[in-house]
Amino acid sequence: MSIRKVTAQDVAERAGVSRSLVSMYLNRNPKVWISEETKRRIDEAIRALGYRPNRAAQLLRGGRSHVVGVILGRISGPVASCFAESLMTRLEDAGYRVILGITRYEPARERELLESMMQLDVDALVYTLHPEYVEEPLRRCAAACPVFLTEYHPGHPFHCVRYDFGGALMEAIRFLAGRGVKRVALLTDSGGYGEREFLSVPEGRGAGMRFRSFRCGTALRPETGIVAEVQRFQPEALISFAGIDGGTLREQLGGSPLWIDSWSLPFMPLARSDGSIVPGFQEYVGLLAEALLEAMGDPGGATRDLLAPVRFLVPEERTAVREAMNNDPFFQTLGQGAVTWQCR
C-alpha cells in the first residue's frame, strides 16, 4: 500500500487557513502580513503532519531557495562549530536554511563543494577559506548570488566581513615595546591570517622593532622546520593567530619570549600568555548575518567590506571579560554544545 504524500493543502486544512496563505508563508512573501497566531498554527500543522515543502516547485515559483551555503575547512574545533551554529540560528530565525560544506582544507574538495552549492541554487554563500585556490568557481558563484569572504583579499569582487585586527595589533605592539622588545614573530596559518596587518605596522610606530611572519599551517610541529626558522630569528616576543600553539614554541625556545595569543570564546582554554588579542565573536556573527540578509534582499547592491571589533587585553582584563562572556546568554547557549572542549 502506497503512503500518500502530505501536501500544502493538508497543512492548510489542519491550520484552518487557505492553501495560498500557507504557500505565501513558506515562501516568506514580504508583501503579505500574517499574524503570529496564524504562523504558530501553520508551524504546528507542519510539524504534526511532517510536511516537507517541494523545493523545486518553490524555485520555479519564486526564484529563491531560502538556503545559504557555508563552506568551512573543518568543524571539529570550538570556533568553527560555534560560528556555524550561531550563524545558522540567526539565519533560521529570518526564514533561511543553512547547508554546511566541510573541505578538510583540500582544494579539490573545495571546488566540488562550490559546484554543489551552485547546483543547489543557494541564495548566498559564505566562504571562510582562501579564494586563490578556487577563484574561478567562486566568481561563477558570485554571478548568481552574493558571496561573502571572512578575510579581505585585494582584487577579489566579493563581499567581506572581517575582523579589524589593525588597532588591536598596534596595542599589542605598544605593550611589547614598553617592555623593551625589539624582535616580534607572528605565528599564523598557511594562508597568513592577520599577516597583512602585522607586516604593515610601520617600524617607526614600533620603536624600531623588527617584525617577521611564520606560516605554520594548521598545527605547529617541530618536523615542519618552523621551530628552527623561528630560532634563527631570535624573537623576544611571539604573537600567535589561528589556533597556532605559541606556548609550545615558547617552551622550545627556552621560555624566554613574551607571548600574546588569540582568544575569542569563553569556553576555550585560556593560555598562560602575557596578553590576548580578542576578536569580537558575537559582534562578528551578528554583523555577518545582517550583511547576508541585506545582500540577499538586494543582490545587485554595493559590495560590502565590513569590520568587526578586536581588542587587546592583558591577563587581568581578560579575566573580567571572560566572566562577562560566561554570563552572556549568547555564549551560554553555545557553550552547551561545546562543553566537550572543557575550559581550564
# chains A, B, ... in the order shown; residues from 1 in each chain; ligands from 1
$ select_by_dssp --residues "region 26-212 of chain A" --states "strand (DSSP E or B)" --output "PyMOL selection string"
chain A and resi 67-72+97-102+124-127+147-149+159-163+183-188+210-212
$ atom_distance --atom1 "CA of Leu258 (chain A)" --atom2 "CA of Glu195 (chain A)"
18.8 Å
$ residues_around --residues "Arg140 (chain A)" --least-positions-apart "2" --cutoff "12 Å" --atoms "only C-alpha atoms" --output "list in words"
Arg111, Leu114, Glu115, Met117, Met118, Gln119, Leu125, Val134, Glu135, Glu136, Pro137, Leu138, Ala142, Ala143, Ala144, Cys145, Pro146, Val147, Pro157 and Phe158 of chain A
$ closest_residue --among "A:Leu21, A:Leu120, A:Val126, A:Ala295" --to "Ile71 (chain A)" --atoms "only C-alpha atoms"
A:Val126
$ closest_residue --among "A:Leu293, A:Val184, A:Leu169, A:Leu238" --to "Phe312 (chain A)" --atoms "only C-alpha atoms"
A:Leu169
$ closest_residue --among "A:Tyr96, A:Phe330, A:Trp263, A:Tyr105" --to "Tyr133 (chain A)" --atoms "only C-alpha atoms"
A:Tyr105
$ residues_around --residues "Asp43 (chain A)" --least-positions-apart "6" --cutoff "12 Å" --atoms "only C-alpha atoms" --output "ChimeraX atom specification"
/A:8,11-12,14-15,22,25-26,36-37,49-52
$ closest_atom_pairs --of "region 128-166 of chain A" --to "region 272-282 of chain A" --cutoff "10 Å" --atoms "only C-alpha atoms" --output "CSV"
residue,atom,partner,partner_atom,distance
A:Arg162,CA,A:Pro279,CA,9.9
A:Tyr163,CA,A:Pro279,CA,6.7
A:Asp164,CA,A:Pro279,CA,8.2
A:Phe165,CA,A:Pro279,CA,8.0
$ select_by_dssp --residues "region 264-314 of chain A" --states "helix (DSSP H, G or I)" --output "PyMOL selection string"
chain A and resi 281-297
